$ cat my_file19.csv   # CSV, C-alpha atoms and all ligand atoms
chain,number,residue,atom,x,y,z
J,1,MET,CA,-27.0,-35.2,20.3
J,2,GLY,CA,-30.1,-36.4,18.5
J,3,LYS,CA,-28.0,-37.8,15.7
J,4,LYS,CA,-29.2,-41.2,14.4
J,5,MET,CA,-26.4,-43.7,14.0
J,6,ALA,CA,-25.9,-45.3,10.6
J,7,ARG,CA,-27.3,-48.8,10.5
J,8,PRO,CA,-24.7,-51.6,10.1
J,9,HIS,CA,-25.6,-54.0,7.3
J,10,LYS,CA,-25.0,-57.2,9.2
J,11,CYS,CA,-27.0,-58.3,12.2
J,12,ARG,CA,-24.9,-58.8,15.3
J,13,LYS,CA,-25.5,-62.2,16.9
J,14,VAL,CA,-26.3,-62.2,20.6
J,15,PHE,CA,-26.7,-65.1,22.9
J,16,SER,CA,-28.0,-63.3,26.0
J,17,ASN,CA,-31.0,-61.3,26.8
J,18,PRO,CA,-30.8,-59.3,30.0
J,19,GLU,CA,-33.2,-60.1,32.8
J,20,VAL,CA,-33.5,-56.5,33.8
J,21,VAL,CA,-33.7,-53.8,31.1
J,22,HIS,CA,-33.8,-50.6,33.1
J,23,PHE,CA,-31.5,-49.4,35.9
J,24,LYS,CA,-31.8,-46.2,37.9
J,25,PRO,CA,-30.1,-44.8,40.9
J,26,ALA,CA,-32.2,-45.3,44.1
J,27,GLY,CA,-34.0,-42.2,45.5
J,28,VAL,CA,-33.9,-40.1,42.4
J,29,MET,CA,-37.1,-39.3,40.5
J,30,MET,CA,-37.2,-40.9,37.0
J,31,GLN,CA,-38.1,-37.6,35.3
J,32,GLU,CA,-35.0,-35.9,36.7
J,33,LEU,CA,-32.7,-38.5,35.2
J,34,GLU,CA,-31.2,-38.4,31.7
J,35,GLU,CA,-31.5,-41.8,30.2
J,36,ILE,CA,-28.7,-43.7,28.5
J,37,CYS,CA,-29.5,-46.4,26.1
J,38,LEU,CA,-27.3,-49.4,25.9
J,39,THR,CA,-28.0,-51.5,22.9
J,40,LEU,CA,-28.3,-55.3,23.1
J,41,ASP,CA,-25.1,-55.7,21.0
J,42,GLU,CA,-23.3,-53.5,23.5
J,43,PHE,CA,-24.7,-55.5,26.4
J,44,GLU,CA,-23.5,-58.7,24.6
J,45,ALA,CA,-20.0,-57.2,24.0
J,46,ILE,CA,-19.7,-56.5,27.8
J,47,ARG,CA,-20.9,-59.9,28.6
J,48,LEU,CA,-18.4,-61.7,26.3
J,49,ALA,CA,-15.3,-59.5,26.9
J,50,ASP,CA,-15.7,-58.2,30.4
J,51,TYR,CA,-17.8,-60.9,32.1
J,52,ASP,CA,-16.8,-64.1,30.3
J,53,ARG,CA,-13.3,-62.7,29.7
J,54,LEU,CA,-13.0,-63.7,26.1
J,55,TYR,CA,-10.4,-62.2,23.8
J,56,HIS,CA,-11.9,-59.5,21.5
J,57,GLU,CA,-11.1,-61.6,18.5
J,58,GLU,CA,-13.1,-64.6,19.8
J,59,ALA,CA,-16.0,-62.4,21.1
J,60,ALA,CA,-16.1,-60.7,17.6
J,61,ARG,CA,-16.4,-64.1,16.0
J,62,LYS,CA,-19.3,-65.0,18.3
J,63,MET,CA,-21.1,-61.9,17.4
J,64,ASN,CA,-20.4,-62.2,13.7
J,65,VAL,CA,-18.6,-58.9,13.4
J,66,SER,CA,-15.0,-57.8,12.6
J,67,ARG,CA,-12.5,-57.4,15.4
J,68,GLN,CA,-12.6,-53.6,14.7
J,69,THR,CA,-16.3,-53.4,14.9
J,70,PHE,CA,-16.3,-55.3,18.1
J,71,GLY,CA,-13.8,-52.8,19.5
J,72,ASN,CA,-16.1,-49.9,18.5
J,73,ILE,CA,-19.1,-51.7,20.1
J,74,ILE,CA,-17.3,-52.3,23.4
J,75,ASN,CA,-15.8,-48.8,23.6
J,76,SER,CA,-19.2,-47.3,23.2
J,77,ALA,CA,-20.6,-49.6,25.8
J,78,HIS,CA,-17.8,-48.7,28.3
J,79,ARG,CA,-18.4,-45.0,27.7
J,80,LYS,CA,-22.1,-45.3,28.3
J,81,ILE,CA,-21.6,-47.3,31.5
J,82,ALA,CA,-19.1,-44.8,32.8
J,83,ASP,CA,-21.5,-42.0,32.0
J,84,PHE,CA,-24.3,-43.8,33.8
J,85,LEU,CA,-22.1,-44.4,36.9
J,86,ILE,CA,-20.4,-41.0,37.1
J,87,ASN,CA,-23.2,-38.6,36.1
J,88,THR,CA,-26.1,-40.3,37.9
J,89,LYS,CA,-28.3,-41.2,34.9
J,90,SER,CA,-30.6,-44.0,34.2
J,91,LEU,CA,-29.6,-46.9,31.9
J,92,ARG,CA,-31.9,-48.8,29.6
J,93,ILE,CA,-30.9,-51.8,27.6
J,94,ASN,CA,-32.8,-51.8,24.4
J,95,GLY,CA,-32.5,-52.0,20.6
J,96,GLY,CA,-29.6,-52.5,18.4
J,97,VAL,CA,-29.3,-54.4,15.1
J,98,VAL,CA,-29.2,-57.9,16.5
J,99,GLU,CA,-30.4,-61.4,16.0
J,100,MET,CA,-30.8,-64.1,18.6
J,101,ASN,CA,-28.4,-66.9,17.9
J,102,GLU,CA,-30.6,-69.9,17.5
J,103,SER,CA,-27.9,-72.5,17.8
J,104,GLU,CA,-27.4,-71.8,21.5
J,105,ASP,CA,-31.0,-72.1,22.6
J,106,ARG,CA,-31.3,-74.2,25.7
J,107,HIS,CA,-30.7,-72.2,28.9
J,108,PHE,CA,-30.1,-73.7,32.3
J,109,ILE,CA,-29.9,-72.2,35.8
J,110,CYS,CA,-28.1,-73.5,38.8
J,111,TYR,CA,-30.3,-73.1,41.9
J,112,ASP,CA,-27.3,-73.2,44.2
J,113,CYS,CA,-25.1,-70.4,42.8
J,114,LYS,CA,-27.7,-68.8,40.3
J,115,HIS,CA,-25.3,-69.2,37.4
J,116,LYS,CA,-27.1,-69.2,34.0
J,117,TRP,CA,-25.7,-70.5,30.8
J,118,GLY,CA,-26.7,-71.7,27.3
J,119,VAL,CA,-26.2,-75.0,25.7
J,120,ALA,CA,-26.4,-75.8,22.0
J,121,PHE,CA,-29.2,-77.9,20.7
J,122,GLY,CA,-28.2,-81.5,20.0
J,123,THR,CA,-25.9,-81.8,23.0
J,124,THR,CA,-27.0,-83.6,26.1
J,125,LYS,CA,-28.3,-81.9,29.2
J,126,PRO,CA,-25.4,-80.7,31.4
J,127,GLY,CA,-24.9,-82.9,34.5
J,128,LYS,CA,-23.6,-80.2,36.7
J,129,CYS,CA,-23.1,-76.5,37.0
J,130,PRO,CA,-20.0,-75.3,35.2
J,131,GLN,CA,-19.4,-72.7,37.9
J,132,CYS,CA,-19.9,-74.5,41.2
J,133,GLY,CA,-20.3,-78.2,40.2
J,134,SER,CA,-23.8,-78.5,41.7
J,135,ASN,CA,-26.3,-80.8,40.0
J,136,ASN,CA,-29.3,-78.7,41.2
J,137,LEU,CA,-30.0,-77.6,37.7
J,138,HIS,CA,-33.2,-76.4,36.0
J,139,ARG,CA,-33.9,-75.5,32.4
J,140,LEU,CA,-35.1,-72.0,31.7
J,141,PRO,CA,-37.9,-71.4,29.2
J,142,ALA,CA,-36.3,-70.4,25.9
J,143,GLU,CA,-39.3,-68.7,24.3
J,144,ARG,CA,-39.6,-65.9,26.8
J,145,GLY,CA,-36.3,-64.4,25.9
J,146,ARG,CA,-36.8,-64.5,22.2
J,147,ASN,CA,-40.2,-62.9,22.3
J,148,ARG,CA,-39.0,-60.1,24.5
J,149,LEU,CA,-35.9,-59.6,22.3
J,150,GLY,CA,-38.1,-59.5,19.1
J,151,LYS,CA,-40.1,-56.6,20.5
J,152,ARG,CA,-37.1,-54.6,21.6
J,153,THR,CA,-34.9,-54.7,18.6
J,154,GLY,CA,-34.2,-51.8,16.3
J,155,ASN,CA,-36.0,-49.1,18.2
J,156,CYS,CA,-33.2,-47.4,20.1
J,157,ILE,CA,-32.4,-44.1,18.5
J,158,LYS,CA,-31.2,-42.2,21.4
J,159,GLU,CA,-27.5,-41.5,20.9
J,160,GLN,CA,-25.2,-39.4,23.0
J,201,ZN,ZN,-23.8,-73.5,40.4

$ encode --input "my_file19.csv" --output "structure tokens" --more "lines below"
Ligand SMILES: [Zn+2]
Amino acid sequence: MGKKMARPHKCRKVFSNPEVVHFKPAGVMMQELEEICLTLDEFEAIRLADYDRLYHEEAARKMNVSRQTFGNIINSAHRKIADFLINTKSLRINGGVVEMNESEDRHFICYDCKHKWGVAFGTTKPGKCPQCGSNNLHRLPAERGRNRLGKRTGNCIKEQ
């Protein structure tokens, strides 16, 4: 409680930036809820390992951390999400020692299945959605995410 976590030396690379940064149970007043803070690196670990189903080793490489560090990040993320679900708290995604990975910078959305993904600079525009095969694709503005991320890094000090 109230203890500030030691800062890791290396920035953790993240590719994603959540669209929604604050979740709360419906019908409960905000001030009655204890807030849990999920850092952007924890969010990224969940995305890579649990959503994209990458092996931890591969996910660790993408985030530029050791396999063991990745394990710590994702364990912490799982604990926080379980706490959020079971104890009726609010969840904010914020902070963490992260840097946006510039190499994967063009983001597309499929208007048919709403799948979003990033494509590295220098490669051609994808012809179809990797998820459903539709060609109803649109590019998402890249700047927005980076600006929002820049403002939100490094200011999450709430630890459980
Ligand atoms: Zn699609």

$ residues_near_ligand --input "my_file19.csv" --ligand "ligand ZN 201 (chain J)" --cutoff "10 Å" --atoms "all atoms listed in the file" --output "number ranges by chain"
J: 109-116, 128-137

$ closest_residue --input "my_file19.csv" --among "J:His138, J:Arg67, J:Arg92, J:Arg61" --to "His22 (chain J)" --atoms "only C-alpha atoms"
J:Arg92

$ atom_distance --input "my_file19.csv" --atom1 "CA of Glu19 (chain J)" --atom2 "CA of Thr39 (chain J)"
14.1 Å

$ atom_distance --input "my_file19.csv" --atom1 "CA of Asn87 (chain J)" --atom2 "CA of Gly27 (chain J)"
14.8 Å

$ residues_around --input "my_file19.csv" --residues "Leu33 (chain J)" --least-positions-apart "4" --cutoff "12 Å" --atoms "all atoms listed in the file" --output "PyMOL selection string"
chain J and resi 23-29+84+87-92

$ atom_distance --input "my_file19.csv" --atom1 "CA of Asp41 (chain J)" --atom2 "CA of Pro126 (chain J)"
27.1 Å

$ closest_residue --input "my_file19.csv" --among "J:Val119, J:Val21, J:Ile36, J:Leu54" --to "His107 (chain J)" --atoms "all atoms listed in the file"
J:Val119

$ residues_around --input "my_file19.csv" --residues "Tyr55 (chain J)" --least-positions-apart "6" --cutoff "12 Å" --atoms "only C-alpha atoms" --output "MDAnalysis selection string"
chainID J and resid 45:49 61:62 67 70:71

$ closest_residue --input "my_file19.csv" --among "J:Ser16, J:Glu99, J:Asp50, J:Cys11" --to "Trp117 (chain J)" --atoms "only C-alpha atoms"
J:Ser16

$ closest_residue --input "my_file19.csv" --among "J:Thr69, J:Ile86, J:Met63, J:Arg106" --to "Leu40 (chain J)" --atoms "only C-alpha atoms"
J:Met63

$ closest_residue --input "my_file19.csv" --among "J:Arg53, J:Glu42, J:Ile93, J:Phe108" --to "Asn75 (chain J)" --atoms "all atoms listed in the file"
J:Glu42

$ closest_residue --input "my_file19.csv" --among "J:Ala77, J:Ala59, J:Leu38, J:Val97" --to "Pro18 (chain J)" --atoms "only C-alpha atoms"
J:Leu38
